[in-house]
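K.L.:
Here it is: the structure, laid out below.
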Amino acid sequence: MATEEKTLILVCQNSDCKLKGSEEIMVRLQEAFADNEGIEVCPYMCFGTCERAPNIVIYPQRQWYSDVDASDLPEIVEALQNGSRVERICDQVDEGARDFIYTLLDVGIY
Amino acid sequence: MNLLLPTKKRNGREGLQDYRNRKGYEGWRLARDQEPGKTVQAIVDSGLRGRGGAAFPAGRKWQLLSQKATKTRFLVVNGGEDEPGSFKDRYLMEHYPHLVLEGAFIAAFALDVGQIFLYVNESFDASQRSLKEALEELATSGLLDGLEIKLDFFSAPQDYVAGEDTAALEVLEGKPPIPRKKPPYPVESGYQGCPTVVHNVETLANVPLIVREGPESYRNIGTPDSPGTMLFYLNEEFEHPGVYELPFGTPLRYLVEVLGGGLKGGKGIKAILPGGPSTAFLPGELLDVGLEPKALVEAGSILGCGNVRLIPEEACMVEVTLEIAEFFARESCGKCPQCSMETNAFVTILKKIQAGEGDSAMLEQIENVANFSRGKGDCGLIHMAAAPVLSAVQHFPADFEAHLEGRGCP
Ligand SMILES: Cc1cc2nc3c(=O)[nH]c(=O)nc-3n(C[C@H](O)[C@H](O)[C@H](O)COP(=O)(O)O)c2cc1C
Ligand code: FES
């Protein structure tokens, strides 16, 4: 039942990420992909990596962006359109924490 | 069998004279006349356990504190009581304030504490008023003459974590209620870095009696592992709601059926939540379990703070559990990433299950989330949140399956 064919951009909306601007990040991403039916930008409860807030996870591509700043967004959008990733800010958090969240996403928990 | 409360319950506040008529402040007189070490030893020998939820031996805290070289020491009377459905602390403060104050003064004197903080929930007007009136009575009674112990009132915020001992210390220091990393524990480094003992209101209410009657006499009541009595609260869902004092080890059935009169309307019992929302559910058949920390751990839950709730037969455990999970997600203070993630993940999973989305794989993730969070976080909330969810899935799988199969509440 997991994630159908769509790409999910999950933007944490819990306290730490919100404090560091994740609401604006989510709105900007929603605007960027408003016409793209294959991509859905959704809020996420909390990835548990709040010390690297704001966090964004792209699934099923399994890209985890942390310490995201609004100025990083054009690069992230472009990379997603090209099928690449922004190495500079990608997969910086603990692998165990990432795998754990991917397991939840695999069964549709988001 | 009552040790703390008079057999005839009162409506208003028990005044100083009434309290003294039932041997009130005799323990205080004794404690003032004897070596402080003797009072500490009496608490150790009594086997008194903390009533704030963790059942930690009070004597051990007292011994640790009295061994400290630092002479600037503090006592916090924890009257935060933010747990939903818990009423026993405010009941004591409101109706029997002298019992709490006598316990606090004995503890402070025996532990060479210079300042007591009465940390009382900001919404408990009647408790605050009662304690203040009792203190006024004490001031003119001569009982405190020559005493150099300061006592200050502090309003405890209504956030759930504000009752956690180190969060309370933060509040006393003028900061938001965010728990500290432990160790160091408050007895090592508490208020302003000084040795501090934090006790639940009810724990302190046991102290006068132990000092007055002696630890052996106290140990005659209750069980060897948990001597004495405890206050239990039955909510409005019972025929006879209220606060009841019972010896440890009394069967739960006696409390809920004989005293509480069962659930209103004679409803059957599906599940037991023995000690508040942070305790694991037990199947409704286990009514003969003893009300005692050890017996409840053996049964798969904990005694918590004596706030007993019965879930009626017709309730859906997915809904009941979701409500509790939402409480913890709301009350998680946001300091520890794992706690934020865990408490929110439980809500998300339970909402999906409630909506009939997902399958058994989703159910398995509940345990995964709990395991991932185990041992992490700076306070106990992270574990409190997991217990009801895990136990609901364990004991009531049919309710969860009904939702997952799209049949809604059973
Ligand atoms: C989230 C959380 C909330 C707590 N709330 C209270 C409370 O409202 N009152 C209380 O006495 N203890 C509360 N505790 C327990 C305290 O941290 C502490 O263990 C207790 O006050 C010690 O008293 P005792 O040894 O007399 O039981 C809470 C613990 C946690 C983890
Ligand atoms: S607040 Fe965003 S990862 Fe926890």
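To be explicit about the labels: the chains of the structure tokens are called A, B, and onward in the order shown, and within each one the residues are counted from 1, while ligands get numbers from 1 in the order they are shown.
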Could you pull the residues within 6 Å of range 76-80 of chain B, counting only C-alpha atoms, minus those fewer than 4 positions along the same chain, as a list in words?
P.N.:
Ile116, Phe117, Leu118, Tyr119, Val120, Asn121, Ala156, Gly163, Val198, His199, Asn200 and Val201 of chain B
K.L.:
Quick one: write out the picked residues with N, CA, C and O atoms as a PDB file, in the first residue's frame?
P.N.:
```pdb
ATOM      1  N   ILE B 116      12.500  25.022  51.628  1.00  0.00           N
ATOM      2  CA  ILE B 116      11.509  24.113  51.040  1.00  0.00           C
ATOM      3  C   ILE B 116      10.781  24.879  49.947  1.00  0.00           C
ATOM      4  O   ILE B 116      10.380  26.021  50.137  1.00  0.00           O
ATOM      5  N   PHE B 117      10.601  24.243  48.797  1.00  0.00           N
ATOM      6  CA  PHE B 117       9.762  24.825  47.755  1.00  0.00           C
ATOM      7  C   PHE B 117       8.463  24.052  47.674  1.00  0.00           C
ATOM      8  O   PHE B 117       8.483  22.833  47.470  1.00  0.00           O
ATOM      9  N   LEU B 118       7.362  24.745  47.843  1.00  0.00           N
ATOM     10  CA  LEU B 118       6.055  24.124  47.623  1.00  0.00           C
ATOM     11  C   LEU B 118       5.710  24.384  46.167  1.00  0.00           C
ATOM     12  O   LEU B 118       5.310  25.490  45.802  1.00  0.00           O
ATOM     13  N   TYR B 119       5.904  23.379  45.348  1.00  0.00           N
ATOM     14  CA  TYR B 119       5.730  23.520  43.903  1.00  0.00           C
ATOM     15  C   TYR B 119       4.340  22.977  43.550  1.00  0.00           C
ATOM     16  O   TYR B 119       4.136  21.771  43.452  1.00  0.00           O
ATOM     17  N   VAL B 120       3.393  23.899  43.440  1.00  0.00           N
ATOM     18  CA  VAL B 120       1.994  23.492  43.308  1.00  0.00           C
ATOM     19  C   VAL B 120       1.420  23.957  41.969  1.00  0.00           C
ATOM     20  O   VAL B 120       1.615  25.120  41.575  1.00  0.00           O
ATOM     21  N   ASN B 121       0.723  23.070  41.321  1.00  0.00           N
ATOM     22  CA  ASN B 121       0.111  23.369  40.028  1.00  0.00           C
ATOM     23  C   ASN B 121      -0.598  24.735  40.053  1.00  0.00           C
ATOM     24  O   ASN B 121      -1.380  25.016  40.956  1.00  0.00           O
ATOM     25  N   ALA B 156       3.472  25.776  39.611  1.00  0.00           N
ATOM     26  CA  ALA B 156       3.949  24.816  38.615  1.00  0.00           C
ATOM     27  C   ALA B 156       3.131  24.983  37.347  1.00  0.00           C
ATOM     28  O   ALA B 156       1.904  25.000  37.402  1.00  0.00           O
ATOM     29  N   GLY B 163       5.980  18.379  35.860  1.00  0.00           N
ATOM     30  CA  GLY B 163       5.991  17.602  37.104  1.00  0.00           C
ATOM     31  C   GLY B 163       7.212  16.705  37.212  1.00  0.00           C
ATOM     32  O   GLY B 163       7.488  16.143  38.283  1.00  0.00           O
ATOM     33  N   VAL B 198      13.539  15.818  45.690  1.00  0.00           N
ATOM     34  CA  VAL B 198      12.215  16.133  45.159  1.00  0.00           C
ATOM     35  C   VAL B 198      11.296  14.996  45.569  1.00  0.00           C
ATOM     36  O   VAL B 198      11.590  13.831  45.297  1.00  0.00           O
ATOM     37  N   HIS B 199      10.202  15.344  46.243  1.00  0.00           N
ATOM     38  CA  HIS B 199       9.253  14.313  46.645  1.00  0.00           C
ATOM     39  C   HIS B 199       7.851  14.668  46.235  1.00  0.00           C
ATOM     40  O   HIS B 199       7.431  15.823  46.296  1.00  0.00           O
ATOM     41  N   ASN B 200       7.145  13.647  45.872  1.00  0.00           N
ATOM     42  CA  ASN B 200       5.720  13.787  45.618  1.00  0.00           C
ATOM     43  C   ASN B 200       5.003  14.142  46.922  1.00  0.00           C
ATOM     44  O   ASN B 200       5.434  13.747  48.008  1.00  0.00           O
ATOM     45  N   VAL B 201       3.919  14.879  46.804  1.00  0.00           N
ATOM     46  CA  VAL B 201       3.112  15.300  47.952  1.00  0.00           C
ATOM     47  C   VAL B 201       2.722  14.107  48.845  1.00  0.00           C
ATOM     48  O   VAL B 201       2.868  14.152  50.066  1.00  0.00           O
TER      49      VAL B 201
END
```
K.L.:
Just asking: which residues within range 231-368 of chain B are strand (DSSP E) according to DSSP, as a list in words?
P.N.:
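Those in range 231-368 of chain B that DSSP calls strand (DSSP E) are Leu231, Phe232, Tyr233, Leu234, Gly242, Val243, Tyr244, Glu245, Leu246, Pro247, Ile269, Lys270, Ala271, Ile272, Leu273, Leu282, Pro283, Asn307, Val308, Arg309, Leu310, Ile311 and Pro312 of chain B.
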K.L.:
What is the atom 14 (N, counted along the ligand's line) of ligand 1-CA of Pro177 in chain B distance in Å, reported with one decimal?
P.N.:
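It comes out at 12.3 Å.
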K.L.:
Could you list, as an MDAnalysis selection string, every residue within 10 Å of Ile58 in chain A, counting only C-alpha atoms and ignoring same-chain residues fewer than 4 positions away?
P.N.:
chainID A and resid 7:11 39:41 62:65 80
K.L.:
Within 8 Å of ligand 2, counting only C-alpha atoms and all ligand atoms: which residues, as a list of chain:residue names?
P.N.:
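Final answer, ordered by chain and number: A:Cys12, A:Gln13, A:Asn14, A:Ser15, A:Asp16, A:Cys17, A:Lys18, A:Met45, A:Cys46, A:Phe47, A:Gly48, A:Thr49, A:Cys50, A:Glu51, A:Arg52, A:Ala53, A:Pro54, A:Asn55, B:Gly334, B:Pro337, B:Gln338, B:Ser340, B:Met341.
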K.L.:
I'd like a table as JSON lines: residues in chain B with an atom no more than 9 Å from ligand 1, each row giving the shortest atom pair and its distance in Å to one decimal, only C-alpha atoms and all ligand atoms counted, sorted by chain and rising residue number.
P.N.:
```
{"residue": "B:Arg49", "atom": "CA", "partner": "ligand 1", "partner_atom_place_in_ligand_line": "25 (O)", "distance": 6.9}
{"residue": "B:Gly50", "atom": "CA", "partner": "ligand 1", "partner_atom_place_in_ligand_line": "27 (O)", "distance": 3.2}
{"residue": "B:Arg51", "atom": "CA", "partner": "ligand 1", "partner_atom_place_in_ligand_line": "27 (O)", "distance": 4.2}
{"residue": "B:Gly52", "atom": "CA", "partner": "ligand 1", "partner_atom_place_in_ligand_line": "27 (O)", "distance": 3.3}
{"residue": "B:Gly53", "atom": "CA", "partner": "ligand 1", "partner_atom_place_in_ligand_line": "27 (O)", "distance": 5.7}
{"residue": "B:Ala54", "atom": "CA", "partner": "ligand 1", "partner_atom_place_in_ligand_line": "19 (O)", "distance": 5.9}
{"residue": "B:Ala55", "atom": "CA", "partner": "ligand 1", "partner_atom_place_in_ligand_line": "27 (O)", "distance": 5.9}
{"residue": "B:Phe56", "atom": "CA", "partner": "ligand 1", "partner_atom_place_in_ligand_line": "25 (O)", "distance": 5.4}
{"residue": "B:Pro57", "atom": "CA", "partner": "ligand 1", "partner_atom_place_in_ligand_line": "25 (O)", "distance": 7.0}
{"residue": "B:Ala58", "atom": "CA", "partner": "ligand 1", "partner_atom_place_in_ligand_line": "25 (O)", "distance": 5.8}
{"residue": "B:Lys61", "atom": "CA", "partner": "ligand 1", "partner_atom_place_in_ligand_line": "25 (O)", "distance": 7.9}
{"residue": "B:Val76", "atom": "CA", "partner": "ligand 1", "partner_atom_place_in_ligand_line": "21 (O)", "distance": 8.5}
{"residue": "B:Val77", "atom": "CA", "partner": "ligand 1", "partner_atom_place_in_ligand_line": "21 (O)", "distance": 7.9}
{"residue": "B:Asn78", "atom": "CA", "partner": "ligand 1", "partner_atom_place_in_ligand_line": "11 (O)", "distance": 4.8}
{"residue": "B:Gly79", "atom": "CA", "partner": "ligand 1", "partner_atom_place_in_ligand_line": "9 (N)", "distance": 5.8}
{"residue": "B:Gly80", "atom": "CA", "partner": "ligand 1", "partner_atom_place_in_ligand_line": "8 (O)", "distance": 4.1}
{"residue": "B:Glu81", "atom": "CA", "partner": "ligand 1", "partner_atom_place_in_ligand_line": "8 (O)", "distance": 3.4}
{"residue": "B:Asp82", "atom": "CA", "partner": "ligand 1", "partner_atom_place_in_ligand_line": "8 (O)", "distance": 4.9}
{"residue": "B:Glu83", "atom": "CA", "partner": "ligand 1", "partner_atom_place_in_ligand_line": "8 (O)", "distance": 6.1}
{"residue": "B:Ser86", "atom": "CA", "partner": "ligand 1", "partner_atom_place_in_ligand_line": "8 (O)", "distance": 8.9}
{"residue": "B:Asp89", "atom": "CA", "partner": "ligand 1", "partner_atom_place_in_ligand_line": "11 (O)", "distance": 8.1}
{"residue": "B:Asn121", "atom": "CA", "partner": "ligand 1", "partner_atom_place_in_ligand_line": "8 (O)", "distance": 8.4}
{"residue": "B:Asp159", "atom": "CA", "partner": "ligand 1", "partner_atom_place_in_ligand_line": "3 (C)", "distance": 8.8}
{"residue": "B:Tyr160", "atom": "CA", "partner": "ligand 1", "partner_atom_place_in_ligand_line": "3 (C)", "distance": 5.6}
{"residue": "B:Val161", "atom": "CA", "partner": "ligand 1", "partner_atom_place_in_ligand_line": "1 (C)", "distance": 4.1}
{"residue": "B:Ala162", "atom": "CA", "partner": "ligand 1", "partner_atom_place_in_ligand_line": "3 (C)", "distance": 6.4}
{"residue": "B:Gly163", "atom": "CA", "partner": "ligand 1", "partner_atom_place_in_ligand_line": "5 (N)", "distance": 3.4}
{"residue": "B:Glu164", "atom": "CA", "partner": "ligand 1", "partner_atom_place_in_ligand_line": "17 (O)", "distance": 3.5}
{"residue": "B:Asp165", "atom": "CA", "partner": "ligand 1", "partner_atom_place_in_ligand_line": "17 (O)", "distance": 3.8}
{"residue": "B:Thr166", "atom": "CA", "partner": "ligand 1", "partner_atom_place_in_ligand_line": "17 (O)", "distance": 6.8}
{"residue": "B:Ala167", "atom": "CA", "partner": "ligand 1", "partner_atom_place_in_ligand_line": "17 (O)", "distance": 8.0}
{"residue": "B:Ala168", "atom": "CA", "partner": "ligand 1", "partner_atom_place_in_ligand_line": "17 (O)", "distance": 8.3}
{"residue": "B:Pro179", "atom": "CA", "partner": "ligand 1", "partner_atom_place_in_ligand_line": "31 (C)", "distance": 8.4}
{"residue": "B:Val197", "atom": "CA", "partner": "ligand 1", "partner_atom_place_in_ligand_line": "22 (C)", "distance": 8.2}
{"residue": "B:Val198", "atom": "CA", "partner": "ligand 1", "partner_atom_place_in_ligand_line": "22 (C)", "distance": 5.3}
{"residue": "B:His199", "atom": "CA", "partner": "ligand 1", "partner_atom_place_in_ligand_line": "26 (O)", "distance": 3.5}
{"residue": "B:Asn200", "atom": "CA", "partner": "ligand 1", "partner_atom_place_in_ligand_line": "11 (O)", "distance": 3.6}
{"residue": "B:Val201", "atom": "CA", "partner": "ligand 1", "partner_atom_place_in_ligand_line": "11 (O)", "distance": 6.4}
{"residue": "B:Glu202", "atom": "CA", "partner": "ligand 1", "partner_atom_place_in_ligand_line": "26 (O)", "distance": 7.2}
{"residue": "B:Thr203", "atom": "CA", "partner": "ligand 1", "partner_atom_place_in_ligand_line": "26 (O)", "distance": 4.8}
{"residue": "B:Leu204", "atom": "CA", "partner": "ligand 1", "partner_atom_place_in_ligand_line": "26 (O)", "distance": 7.0}
{"residue": "B:Cys305", "atom": "CA", "partner": "ligand 1", "partner_atom_place_in_ligand_line": "10 (C)", "distance": 8.4}
{"residue": "B:Glu331", "atom": "CA", "partner": "ligand 1", "partner_atom_place_in_ligand_line": "1 (C)", "distance": 8.3}
{"residue": "B:Ser332", "atom": "CA", "partner": "ligand 1", "partner_atom_place_in_ligand_line": "1 (C)", "distance": 8.2}
{"residue": "B:Asp378", "atom": "CA", "partner": "ligand 1", "partner_atom_place_in_ligand_line": "31 (C)", "distance": 8.9}
{"residue": "B:Cys379", "atom": "CA", "partner": "ligand 1", "partner_atom_place_in_ligand_line": "31 (C)", "distance": 5.2}
{"residue": "B:Gly380", "atom": "CA", "partner": "ligand 1", "partner_atom_place_in_ligand_line": "31 (C)", "distance": 3.8}
{"residue": "B:Leu381", "atom": "CA", "partner": "ligand 1", "partner_atom_place_in_ligand_line": "1 (C)", "distance": 4.6}
{"residue": "B:Ile382", "atom": "CA", "partner": "ligand 1", "partner_atom_place_in_ligand_line": "31 (C)", "distance": 8.2}
{"residue": "B:His383", "atom": "CA", "partner": "ligand 1", "partner_atom_place_in_ligand_line": "31 (C)", "distance": 8.6}
{"residue": "B:Met384", "atom": "CA", "partner": "ligand 1", "partner_atom_place_in_ligand_line": "31 (C)", "distance": 7.6}
```
K.L.:
Let me see the file: selected residues, C-alpha atoms, as a PDB file, in the first residue's frame.
P.N.:
```
ATOM      1  CA  ARG B  49       8.400   4.189  48.301  1.00  0.00           C
ATOM      2  CA  GLY B  50       7.835   7.373  46.334  1.00  0.00           C
ATOM      3  CA  ARG B  51       4.239   7.941  45.255  1.00  0.00           C
ATOM      4  CA  GLY B  52       5.103  10.126  42.254  1.00  0.00           C
ATOM      5  CA  GLY B  53       4.953   7.206  39.844  1.00  0.00           C
ATOM      6  CA  ALA B  54       8.337   5.499  39.958  1.00  0.00           C
ATOM      7  CA  ALA B  55       8.012   3.883  43.433  1.00  0.00           C
ATOM      8  CA  PHE B  56      11.646   4.741  44.178  1.00  0.00           C
ATOM      9  CA  PRO B  57      12.677   4.054  47.813  1.00  0.00           C
ATOM     10  CA  ALA B  58      12.482   7.387  49.640  1.00  0.00           C
ATOM     11  CA  LYS B  61      17.236   9.469  48.416  1.00  0.00           C
ATOM     12  CA  VAL B  76      10.896  20.323  46.584  1.00  0.00           C
ATOM     13  CA  VAL B  77       7.352  19.267  47.424  1.00  0.00           C
ATOM     14  CA  ASN B  78       6.089  18.164  44.034  1.00  0.00           C
ATOM     15  CA  GLY B  79       2.441  19.133  43.715  1.00  0.00           C
ATOM     16  CA  GLY B  80       2.514  19.472  39.937  1.00  0.00           C
ATOM     17  CA  GLU B  81       0.055  16.638  39.346  1.00  0.00           C
ATOM     18  CA  ASP B  82      -0.542  17.270  35.669  1.00  0.00           C
ATOM     19  CA  GLU B  83      -1.372  13.697  34.845  1.00  0.00           C
ATOM     20  CA  SER B  86      -5.005  12.205  38.776  1.00  0.00           C
ATOM     21  CA  ASP B  89      -2.171  15.169  45.410  1.00  0.00           C
ATOM     22  CA  ASN B 121       0.111  23.369  40.028  1.00  0.00           C
ATOM     23  CA  ASP B 159       2.534  21.200  31.062  1.00  0.00           C
ATOM     24  CA  TYR B 160       2.777  17.480  31.767  1.00  0.00           C
ATOM     25  CA  VAL B 161       6.594  17.458  31.874  1.00  0.00           C
ATOM     26  CA  ALA B 162       6.589  20.279  34.433  1.00  0.00           C
ATOM     27  CA  GLY B 163       5.991  17.602  37.104  1.00  0.00           C
ATOM     28  CA  GLU B 164       9.158  15.735  36.151  1.00  0.00           C
ATOM     29  CA  ASP B 165      11.680  16.407  38.892  1.00  0.00           C
ATOM     30  CA  THR B 166      14.404  18.111  36.856  1.00  0.00           C
ATOM     31  CA  ALA B 167      11.881  20.101  34.804  1.00  0.00           C
ATOM     32  CA  ALA B 168      10.508  21.329  38.141  1.00  0.00           C
ATOM     33  CA  PRO B 179      13.843  18.076  31.766  1.00  0.00           C
ATOM     34  CA  VAL B 197      15.426  16.079  47.179  1.00  0.00           C
ATOM     35  CA  VAL B 198      12.215  16.133  45.159  1.00  0.00           C
ATOM     36  CA  HIS B 199       9.253  14.313  46.645  1.00  0.00           C
ATOM     37  CA  ASN B 200       5.720  13.787  45.618  1.00  0.00           C
ATOM     38  CA  VAL B 201       3.112  15.300  47.952  1.00  0.00           C
ATOM     39  CA  GLU B 202       1.762  11.914  48.997  1.00  0.00           C
ATOM     40  CA  THR B 203       5.220  10.503  49.753  1.00  0.00           C
ATOM     41  CA  LEU B 204       5.775  13.297  52.265  1.00  0.00           C
ATOM     42  CA  CYS B 305       0.310   7.090  40.563  1.00  0.00           C
ATOM     43  CA  GLU B 331       3.008  16.979  25.838  1.00  0.00           C
ATOM     44  CA  SER B 332       6.407  15.864  24.514  1.00  0.00           C
ATOM     45  CA  ASP B 378      16.302  12.783  28.869  1.00  0.00           C
ATOM     46  CA  CYS B 379      13.130  11.951  30.790  1.00  0.00           C
ATOM     47  CA  GLY B 380      10.647   9.157  31.265  1.00  0.00           C
ATOM     48  CA  LEU B 381       8.022  10.500  28.882  1.00  0.00           C
ATOM     49  CA  ILE B 382       9.504   8.613  25.955  1.00  0.00           C
ATOM     50  CA  HIS B 383       8.779   5.289  27.704  1.00  0.00           C
ATOM     51  CA  MET B 384       5.465   6.418  29.109  1.00  0.00           C
TER      52      MET B 384
END
```
K.L.:
Report the closest atom pair, with its distance in Å rounded to one decimal, for each residue of chain B that has an atom no farther than 9 Å from chain A; count only C-alpha atoms, sort by chain and then rising residue number, and write it as JSON lines.
P.N.:
```
{"residue": "B:Gly334", "atom": "CA", "partner": "A:Ser15", "partner_atom": "CA", "distance": 6.6}
{"residue": "B:Lys335", "atom": "CA", "partner": "A:Asp16", "partner_atom": "CA", "distance": 8.8}
{"residue": "B:Cys336", "atom": "CA", "partner": "A:Cys50", "partner_atom": "CA", "distance": 8.0}
{"residue": "B:Pro337", "atom": "CA", "partner": "A:Gly48", "partner_atom": "CA", "distance": 4.3}
{"residue": "B:Gln338", "atom": "CA", "partner": "A:Gly48", "partner_atom": "CA", "distance": 5.0}
{"residue": "B:Cys339", "atom": "CA", "partner": "A:Gly48", "partner_atom": "CA", "distance": 7.6}
{"residue": "B:Ser340", "atom": "CA", "partner": "A:Cys46", "partner_atom": "CA", "distance": 6.3}
{"residue": "B:Met341", "atom": "CA", "partner": "A:Gly48", "partner_atom": "CA", "distance": 4.7}
{"residue": "B:Glu342", "atom": "CA", "partner": "A:Gly48", "partner_atom": "CA", "distance": 7.8}
{"residue": "B:Asn344", "atom": "CA", "partner": "A:Met45", "partner_atom": "CA", "distance": 5.8}
{"residue": "B:Ala345", "atom": "CA", "partner": "A:Met45", "partner_atom": "CA", "distance": 7.1}
{"residue": "B:Thr348", "atom": "CA", "partner": "A:Tyr110", "partner_atom": "CA", "distance": 6.8}
{"residue": "B:Ile349", "atom": "CA", "partner": "A:Ile109", "partner_atom": "CA", "distance": 6.2}
{"residue": "B:Lys352", "atom": "CA", "partner": "A:Ile109", "partner_atom": "CA", "distance": 7.7}
{"residue": "B:Glu357", "atom": "CA", "partner": "A:Met1", "partner_atom": "CA", "distance": 8.3}
{"residue": "B:Gly358", "atom": "CA", "partner": "A:Met1", "partner_atom": "CA", "distance": 6.4}
{"residue": "B:Asp359", "atom": "CA", "partner": "A:Met1", "partner_atom": "CA", "distance": 8.1}
{"residue": "B:Ala361", "atom": "CA", "partner": "A:Val107", "partner_atom": "CA", "distance": 6.4}
{"residue": "B:Met362", "atom": "CA", "partner": "A:Val107", "partner_atom": "CA", "distance": 5.9}
{"residue": "B:Gln365", "atom": "CA", "partner": "A:Leu104", "partner_atom": "CA", "distance": 6.8}
{"residue": "B:Asn368", "atom": "CA", "partner": "A:Phe100", "partner_atom": "CA", "distance": 8.4}
{"residue": "B:Val369", "atom": "CA", "partner": "A:Phe100", "partner_atom": "CA", "distance": 8.3}
{"residue": "B:Phe372", "atom": "CA", "partner": "A:Phe100", "partner_atom": "CA", "distance": 7.9}
```
K.L.:
Give me the residues near Ala70 in chain A as JSON, numbers by chain, where near means some atom within 8 Å (using only C-alpha atoms) and where sequence neighbours in that chain fewer than 4 positions away do not count.
P.N.:
{"A": [21, 24, 25]}
K.L.:
Figure out the distance between CA of Glu5 in chain A and CA of Asp72 in chain A, please, to one decimal in Å.
P.N.:
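The value is 25.8 Å.
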K.L.:
So which residues of range 78-148 of chain B fall under alpha helix (DSSP H) by DSSP, listed as an MDAnalysis selection string?
P.N.:
chainID B and resid 88:95 97:110 125:139
K.L.:
Between CA of Pro224 in chain B and CA of Arg60 in chain B, measure the distance and give it in Å to one decimal.
P.N.:
16.6 Å
K.L.:
What's the 10 Å shell around Glu323 in chain B, counting only C-alpha atoms, without same-chain residues fewer than 6 positions away, as a list in words?
P.N.:
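My list of contacting residues is Pro277, Met317, Val347 and Leu350 of chain B.
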